[in-house]
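Colleague: Provided below: input_0.txt, containing compact mmCIF, C-alpha atoms.
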# COMPACT_ATOMS: atom_id res chain seq x y z
CA MET D 18 82.12 83.51 94.43
CA ILE D 19 84.94 82.68 96.82
CA GLU D 20 83.58 80.54 99.66
CA ALA D 21 85.24 81.85 102.84
CA GLY D 22 85.31 80.60 106.41
CA ILE D 23 86.49 82.12 109.67
CA ILE D 24 87.91 80.08 112.55
CA GLY D 25 87.63 81.74 115.95
CA GLY D 26 84.74 84.02 115.14
CA ALA D 27 84.05 85.84 118.42
CA GLY D 28 87.11 88.09 118.70
CA TYR D 29 87.92 91.58 117.46
CA THR D 30 89.83 90.53 114.32
CA ALA D 31 87.07 88.11 113.35
CA GLY D 32 84.46 90.82 113.85
CA GLU D 33 86.31 93.10 111.44
CA LEU D 34 86.76 90.25 108.94
CA ILE D 35 83.04 89.49 109.01
CA ARG D 36 82.22 93.17 108.42
CA ILE D 37 84.58 93.31 105.41
CA LEU D 38 83.68 89.95 103.88
CA LEU D 39 79.92 90.52 104.05
CA ARG D 40 80.49 93.51 101.72
CA HIS D 41 83.14 91.93 99.51
CA PRO D 42 81.73 91.60 95.97
CA GLU D 43 83.60 88.33 95.24
CA VAL D 44 83.10 86.51 98.58
CA ASN D 45 80.37 84.47 100.19
CA LEU D 46 80.92 84.11 103.93
CA ASN D 47 80.26 80.38 104.15
CA PHE D 48 80.72 79.85 107.89
CA VAL D 49 81.97 81.50 111.07
CA TYR D 50 83.27 78.82 113.42
CA SER D 51 83.34 79.38 117.17
CA THR D 52 83.71 76.93 120.04
CA SER D 53 82.36 79.49 122.54
CA GLN D 54 79.32 80.76 120.60
CA PRO D 55 77.92 77.92 118.42
CA GLY D 56 74.31 78.52 117.37
CA LYS D 57 74.30 82.12 118.58
CA PRO D 58 73.57 84.87 116.01
CA VAL D 59 76.76 86.54 114.82
CA ALA D 60 75.17 89.97 115.25
CA GLN D 61 74.47 89.22 118.90
CA VAL D 62 78.21 89.17 119.56
CA HIS D 63 79.35 91.65 116.88
CA GLN D 64 76.59 94.17 117.42
CA ASP D 65 77.74 96.55 114.67
CA LEU D 66 76.23 93.91 112.33
CA LEU D 67 72.70 94.07 113.76
CA GLY D 68 70.27 94.22 110.84
CA GLU D 69 72.99 93.26 108.32
CA THR D 70 73.23 89.48 108.71
CA ASP D 71 71.18 86.65 110.19
CA GLN D 72 74.14 84.27 110.09
CA LYS D 73 74.85 82.16 113.15
CA PHE D 74 78.13 80.90 114.56
CA SER D 75 78.83 77.36 113.49
CA GLY D 76 80.17 74.51 115.57
CA GLU D 77 81.38 72.79 112.38
CA ILE D 78 83.81 73.70 109.62
CA ASN D 79 83.44 73.37 105.86
CA LYS D 80 86.57 71.54 104.78
CA GLU D 81 85.93 72.43 101.13
CA ALA D 82 86.01 76.22 101.63
CA ASP D 83 88.11 78.17 99.15
CA VAL D 84 89.79 80.25 101.84
CA VAL D 85 89.92 80.05 105.63
CA PHE D 86 91.00 82.80 108.01
CA LEU D 87 92.44 81.64 111.34
CA CYS D 88 91.58 84.18 114.04
CA LEU D 89 92.85 82.10 116.92
CA GLY D 90 95.02 82.91 119.93
CA HIS D 91 98.75 82.68 119.43
CA GLY D 92 99.85 79.04 119.52
CA ASN D 93 96.40 77.71 118.64
CA SER D 94 96.60 77.85 114.83
CA LYS D 95 99.20 75.09 114.63
CA LYS D 96 97.12 72.97 116.98
CA PHE D 97 93.92 73.60 115.02
CA LEU D 98 95.50 72.69 111.67
CA ALA D 99 97.00 69.54 113.17
CA GLU D 100 93.53 68.44 114.27
CA ASN D 101 91.51 69.63 111.23
CA GLN D 102 92.31 68.94 107.59
CA PHE D 103 91.06 71.14 104.74
CA SER D 104 90.90 70.27 101.04
CA GLU D 105 93.92 70.68 98.78
CA LYS D 106 92.30 73.71 97.14
CA THR D 107 91.73 75.56 100.43
CA LYS D 108 93.90 78.63 100.93
CA ILE D 109 94.69 79.68 104.51
CA VAL D 110 95.43 83.09 106.04
CA ASP D 111 96.64 82.85 109.63
CA LEU D 112 96.40 85.97 111.79
CA SER D 113 98.44 84.58 114.71
CA THR D 114 102.21 84.50 115.25
CA ASP D 115 102.38 80.76 114.61
CA PHE D 116 103.79 80.78 111.07
CA ARG D 117 105.48 84.17 110.71
CA MET D 118 109.04 82.93 111.15
CA ALA D 119 110.33 81.18 108.02
CA ALA D 120 113.03 79.36 109.99
CA ASP D 121 110.35 77.28 111.72
CA GLY D 122 110.03 75.16 108.56
CA HIS D 123 106.56 75.46 106.99
CA SER D 124 105.00 76.52 103.71
CA PHE D 125 103.45 79.80 104.90
CA VAL D 126 104.51 83.01 103.11
CA TYR D 127 104.93 86.18 105.19
CA GLY D 128 102.09 88.44 104.09
CA LEU D 129 103.43 92.00 103.96
CA PRO D 130 102.14 93.01 100.50
CA GLU D 131 104.35 96.07 100.07
CA PHE D 132 107.48 93.91 100.11
CA ASN D 133 106.30 90.37 99.33
CA LYS D 134 103.52 90.78 96.76
CA GLU D 135 104.94 88.38 94.18
CA LYS D 136 105.22 85.47 96.62
CA ILE D 137 101.82 86.24 98.16
CA SER D 138 100.20 86.13 94.73
CA THR D 139 101.26 82.51 94.18
CA ALA D 140 100.94 81.29 97.79
CA ASP D 141 98.38 78.91 99.28
CA TYR D 142 99.21 79.75 102.90
CA ILE D 143 99.82 83.22 104.33
CA ALA D 144 101.16 84.28 107.71
CA ASN D 145 99.54 87.67 108.29
CA PRO D 146 101.97 90.14 109.93
CA GLY D 147 101.48 91.45 113.45
CA CYS D 148 100.07 94.94 114.00
CA PHE D 149 103.17 96.56 115.50
CA ALA D 150 105.31 94.68 112.96
CA THR D 151 103.26 96.14 110.10
CA ALA D 152 103.48 99.74 111.30
CA ILE D 153 107.19 99.51 112.10
CA SER D 154 108.24 97.48 109.05
CA LEU D 155 106.56 99.91 106.67
CA ALA D 156 108.46 102.72 108.42
CA ILE D 157 111.93 101.16 108.25
CA LEU D 158 112.14 98.66 105.37
CA PRO D 159 112.61 101.11 102.45
CA LEU D 160 116.11 101.94 103.72
CA ALA D 161 116.92 98.25 104.11
CA LYS D 162 115.72 97.61 100.55
CA LYS D 163 118.36 100.12 99.37
CA LYS D 164 121.01 98.56 101.68
CA LEU D 165 121.40 101.92 103.44
CA LEU D 166 121.00 100.94 107.10
CA LYS D 167 124.19 101.63 109.05
CA ASP D 168 122.95 102.07 112.61
CA GLU D 169 120.36 101.05 115.20
CA TRP D 170 116.69 101.93 114.92
CA HIS D 171 114.96 103.49 117.93
CA VAL D 172 111.19 102.95 117.90
CA ASN D 173 108.47 104.17 120.25
CA ALA D 174 104.91 103.09 119.46
CA VAL D 175 101.53 103.18 121.18
CA THR D 176 98.56 100.92 120.47
CA GLY D 177 94.90 100.99 121.39
CA ALA D 178 93.18 98.63 123.81
CA THR D 179 91.83 96.35 121.05
CA GLY D 180 95.40 95.21 120.43
CA ALA D 181 95.13 93.10 123.58
CA GLY D 182 92.12 91.13 122.31
CA THR D 183 88.78 90.49 124.00
CA SER D 184 90.06 88.50 126.98
CA LEU D 185 90.12 90.59 130.14
CA SER D 186 93.25 91.17 132.18
CA ASP D 187 94.35 93.69 134.80
CA THR D 188 95.53 96.09 132.09
CA THR D 189 92.50 95.85 129.78
CA HIS D 190 89.75 96.86 132.23
CA PHE D 191 88.26 100.31 131.55
CA THR D 192 89.16 101.53 135.02
CA TRP D 193 92.84 100.76 134.35
CA ARG D 194 93.03 101.95 130.73
CA ASP D 195 90.98 105.12 131.14
CA ASN D 196 93.11 108.24 131.62
CA ASN D 197 96.21 106.04 131.75
CA PHE D 198 99.36 105.24 129.74
CA SER D 199 102.08 102.61 130.19
CA ALA D 200 105.00 100.87 128.51
CA TYR D 201 105.27 97.07 128.33
CA LYS D 202 107.61 94.39 126.94
CA SER D 203 110.34 96.97 126.40
CA PHE D 204 113.07 95.68 124.05
CA GLY D 205 111.42 92.25 124.05
CA HIS D 206 108.12 92.45 122.14
CA GLN D 207 107.37 89.32 120.11
CA HIS D 208 106.93 91.30 116.88
CA LEU D 209 110.63 92.17 116.90
CA ASN D 210 111.36 88.68 115.53
CA GLU D 211 109.41 89.19 112.31
CA ILE D 212 110.71 92.76 111.91
CA GLY D 213 114.27 91.42 112.15
CA GLN D 214 113.45 88.67 109.65
CA SER D 215 112.21 91.24 107.12
CA LEU D 216 115.27 93.45 107.63
CA LYS D 217 117.60 90.49 107.01
CA MET D 218 115.65 89.52 103.91
CA LEU D 219 116.27 92.96 102.38
CA GLN D 220 119.70 93.81 103.84
CA GLU D 221 121.45 90.59 104.76
CA ASN D 222 124.42 92.20 106.51
CA TYR D 223 122.29 94.35 108.85
CA SER D 224 123.03 93.34 112.43
CA ALA D 225 122.20 96.42 114.51
CA ASP D 226 119.34 96.44 117.03
CA VAL D 227 115.78 97.63 116.64
CA ASN D 228 115.21 99.22 120.05
CA PHE D 229 111.45 99.05 120.48
CA ILE D 230 109.39 100.47 123.36
CA PRO D 231 105.70 99.47 123.00
CA ASN D 232 103.07 101.47 124.89
CA ARG D 233 99.43 100.99 125.85
CA GLY D 234 97.19 103.93 125.02
CA ASN D 235 93.84 104.85 126.58
CA PHE D 236 91.99 104.67 123.24
CA SER D 237 90.34 101.73 121.47
CA ARG D 238 92.19 101.33 118.18
CA GLY D 239 95.11 102.54 116.14
CA ILE D 240 98.92 102.46 116.27
CA HIS D 241 101.14 105.55 116.25
CA ALA D 242 104.83 104.71 115.82
CA THR D 243 107.91 106.93 115.62
CA ALA D 244 111.20 105.43 114.43
CA TYR D 245 114.57 107.11 113.91
CA THR D 246 118.02 106.08 112.75
CA SER D 247 121.20 107.64 111.36
CA PHE D 248 120.90 108.72 107.74
CA ALA D 249 123.64 110.55 105.82
CA GLY D 250 121.45 111.77 102.96
CA SER D 251 119.11 114.73 102.82
CA LEU D 252 115.39 114.72 103.53
CA GLU D 253 114.81 114.89 99.77
CA ASP D 254 116.99 111.78 99.34
CA ALA D 255 114.91 109.92 101.92
CA LYS D 256 111.61 111.00 100.37
CA LYS D 257 112.78 109.76 96.97
CA ILE D 258 113.62 106.34 98.48
CA TYR D 259 110.26 106.04 100.24
CA ASP D 260 108.24 107.35 97.30
CA GLU D 261 109.93 104.76 95.08
CA ALA D 262 109.33 101.96 97.61
CA TYR D 263 105.60 102.70 97.79
CA ALA D 264 104.95 103.89 94.25
CA ASP D 265 102.77 100.85 93.53
CA ALA D 266 101.46 100.33 97.08
CA ALA D 267 97.68 100.21 97.26
CA PHE D 268 97.37 101.44 100.85
CA THR D 269 100.70 102.93 102.02
CA PHE D 270 101.29 106.63 101.41
CA VAL D 271 104.12 109.04 102.21
CA ILE D 272 102.59 112.41 103.03
CA GLU D 273 103.70 115.90 104.10
CA GLU D 274 100.98 116.58 106.67
CA ASP D 275 101.32 115.96 110.41
CA LEU D 276 99.92 112.55 111.34
CA HIS D 277 97.20 111.61 113.81
CA LEU D 278 95.24 108.39 114.25
CA LYS D 279 91.88 109.65 113.01
CA GLN D 280 93.37 109.76 109.52
CA VAL D 281 93.58 105.95 109.41
CA VAL D 282 91.19 104.44 111.99
CA ASN D 283 88.61 102.24 110.21
CA THR D 284 90.80 102.02 107.06
CA ASN D 285 93.43 99.69 105.61
CA LYS D 286 95.87 102.58 105.12
CA CYS D 287 99.35 103.18 106.45
CA LEU D 288 100.44 106.82 106.40
CA LEU D 289 104.11 107.76 106.73
CA LYS D 290 105.80 111.11 107.35
CA LEU D 291 109.56 111.72 107.05
CA GLU D 292 111.55 114.37 108.92
CA LYS D 293 115.28 115.04 109.18
CA PHE D 294 116.95 116.26 112.38
CA GLY D 295 120.69 116.65 111.96
CA GLY D 296 122.03 113.21 111.06
CA LYS D 297 118.82 111.44 112.07
CA LEU D 298 115.89 110.42 109.90
CA LEU D 299 112.59 110.30 111.79
CA VAL D 300 109.75 108.24 110.28
CA THR D 301 106.26 108.44 111.77
CA SER D 302 103.86 105.62 110.87
CA ILE D 303 100.15 105.24 111.64
CA ILE D 304 97.74 102.36 111.01
CA ASP D 305 94.52 100.88 112.36
CA ASN D 306 95.76 97.88 114.37
CA LEU D 307 92.62 95.83 113.57
CA LEU D 308 92.60 96.56 109.82
CA LYS D 309 95.99 97.20 108.20
CA GLY D 310 97.44 95.55 111.31
CA ALA D 311 95.20 92.46 111.06
CA SER D 312 91.89 91.84 109.25
CA GLY D 313 92.15 94.40 106.45
CA GLN D 314 95.61 93.18 105.53
CA ALA D 315 94.33 89.59 105.66
CA VAL D 316 91.69 90.45 103.03
CA GLN D 317 94.31 92.34 101.01
CA ASN D 318 96.38 89.15 101.04
CA MET D 319 93.35 87.05 100.07
CA ASN D 320 92.71 89.35 97.10
CA LEU D 321 96.27 88.86 95.90
CA MET D 322 96.09 85.09 96.36
CA PHE D 323 92.98 84.89 94.15
CA GLY D 324 94.25 87.29 91.49
CA LEU D 325 91.84 90.08 92.44
CA ASP D 326 92.46 93.81 92.73
CA GLU D 327 94.10 94.02 96.17
CA LYS D 328 91.85 96.96 97.12
CA LEU D 329 88.63 95.03 96.47
CA GLY D 330 86.27 95.16 99.46
CA LEU D 331 88.60 97.52 101.32
CA ASP D 332 87.23 100.88 100.24
CA LEU D 333 86.76 102.02 103.83
CA LYS D 334 86.20 105.53 105.20
CA ALA D 335 88.18 106.80 108.17
CA SER D 336 86.18 107.57 111.32
CA TYR D 337 87.44 111.14 111.22
CA PHE D 338 84.90 113.03 113.31
Would you mind giving the structure from this file in structure tokens?

Modeller:
Amino acid sequence: MIEAGIIGGAGYTAGELIRILLRHPEVNLNFVYSTSQPGKPVAQVHQDLLGETDQKFSGEINKEADVVFLCLGHGNSKKFLAENQFSEKTKIVDLSTDFRMAADGHSFVYGLPEFNKEKISTADYIANPGCFATAISLAILPLAKKKLLKDEWHVNAVTGATGAGTSLSDTTHFTWRDNNFSAYKSFGHQHLNEIGQSLKMLQENYSADVNFIPNRGNFSRGIHATAYTSFAGSLEDAKKIYDEAYADAAFTFVIEEDLHLKQVVNTNKCLLKLEKFGGKLLVTSIIDNLLKGASGQAVQNMNLMFGLDEKLGLDLKASYF
């Protein structure tokens, strides 16, 4: 069994990780570390686990764990690793932004399995992609892989309230979110950096902008993104490119049906739909921000790192009704 640990166990992404790892046939959840909840039953905080585990949050880490997931606030993973040393055999999956940019000089591999599977499979340290970055990258990277991008991308995406984490702010209170909708960080969202990095990796000469407008939705979870750019080919040409890009993808599917979030919420899937309007290609992308956009993808990366079937432990049913 793979002995796994979670650092920062009280948040949303940790809660989803615990739920997945408790059911993973090759994993023993060795410890769930939390500075805010030590000694408290895990199921008292993550109440969907009532009756499923008697594990308690730990105030100590097991430095000999086989894999550790860092579910810490952005900027805190680097600090934690500087203050805590794990064994040479310990693999690390970081869910923050701290190690996503390769130019920062570190040994973390960017963990987008659809485009980096070979490197992930031999890596010891993985930087798990951001939720918006996952949904948008999967929508736009197939054209970059074929060196076919000639123009700007225009992206509009909306995310659920869980994307903001458990800490309360003016825009996360129920009374603000309920029956409400707003844009934020227009043209300046932090996930644009990793999207640009992936584009350059696949099409080095691409220098046009990704014009991204993120939105807050009045629902709990999921991301719905629409992205369009100039494309000279036909819709059939585009479908062939995307089908080829995701032919071996375990969780990303190009479909004909109209998309809505209930198709993917509570799963590790990304669903894509292509449409052509004149000279524009429109790609719609949907994911669960906490699973394919965070914890599910982290387990997918762990599976690849340990030579397991990447779908293991991730056979999840959408909350469709």

Colleague: Name the residues in contact with stretch 250-262 of chain D at a cut-off of 8 Å, using all atoms listed in the file, excluding same-chain residues fewer than 3 positions from it; report them as a list of chain:residue names.

Modeller: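 Counting all atoms listed in the file, the residues come to D:Pro159, D:Leu160, D:Lys163, D:Asp265, D:Val271, D:Leu291, D:Glu292, D:Lys293, D:Leu298.
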
Colleague: Kindly give the distance, in Å, that separates atom CA of D:Gly56 and atom CA of D:Ala31, rounded to a single decimal.

Modeller: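 Straight-line distance from atom CA of D:Gly56 to atom CA of D:Ala31 works out to 16.5 Å.
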
Colleague: Grab the atom CA of D:Ile23 to atom CA of D:Ser124 distance for me, in Å with one decimal place.

Modeller: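 Those two atoms sit 20.2 Å apart.
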
Colleague: Distance atom CA of D:Met18-atom CA of D:Val110, one decimal place?

Modeller: 17.7 Å

Colleague: Skipping near chain neighbours, those fewer than 6 positions away, what residues fall within 10 Å of D:Val62 using all atoms listed in the file, listed as a list in words?

Modeller: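 Final neighbour list, sorted by chain and number: Gly26, Ala27, Gly28, Gly32, Gln54 and Phe74 of chain D.
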
Colleague: Measuring atom to atom with only C-alpha atoms, identify which of D:Ala150, D:Ile109, D:Ile240, D:Ala156 is nearest to D:Lys80.

Modeller: D:Ile109

Colleague: For each of D:Glu69, D:Asp121, D:Asp141, D:Glu135, take the minimum atom-to-atom distance to D:Phe103, counting all atoms listed in the file, then give the residue where this is smallest.

Modeller: D:Asp141

Colleague: Which residues are near stretch 307-316 of chain D? Cut-off 9 Å, only C-alpha atoms, ignore same chain within fewer than 2 positions. Put them as a PyMOL selection string.

Modeller: chain D and resi 29-34+37-38+86+110-112+128-130+143-152+179-180+238-240+268+282-287+304-305+318-321+327-331

Colleague: Could you check the closest approach to D:Val126 for each of D:Ser51, D:Ser336, D:Ser215, D:Asn306 and tell me which residue wins, using only C-alpha atoms?

Modeller: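 So, comparing all the options, the nearest one is D:Ser215.
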
Colleague: Would you mind listing what lies within 10 Å of D:Gly90 as a list in words, with all atoms listed in the file counted and same-chain residues fewer than 5 positions away left out?

Modeller: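 What passes the distance filter is Gly25, Gly28, Leu112, Ser113, Thr114, Asp115 and Gly182 of chain D.
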
Colleague: List as a count of residues only the protein and nucleic acid residues near D:Leu289, meaning an atom at most 9 Å away when all atoms listed in the file are counted, but skip any in the same chain fewer than 2 places from it.

Modeller: 14

Colleague: So, with only C-alpha atoms as the atoms that count, which of D:Phe125, D:Phe198, D:Phe248, D:Tyr50 lies closest to D:Gly177?

Modeller: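 Nearest candidate to D:Gly177 out of D:Phe125, D:Phe198, D:Phe248, D:Tyr50: D:Phe198.
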
Colleague: Nearest to D:Pro58 among D:Ser247, D:Asn45, D:Asn93, D:Ser75, with distances taken over all atoms listed in the file: which residue is it?

Modeller: D:Ser75

Colleague: Taking into account all atoms listed in the file, which residue in the set D:Met218, D:Lys290, D:Ile230, D:Ile35 is nearest to D:Cys88?

Modeller: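 For D:Cys88, the nearest of the candidates is D:Ile35.
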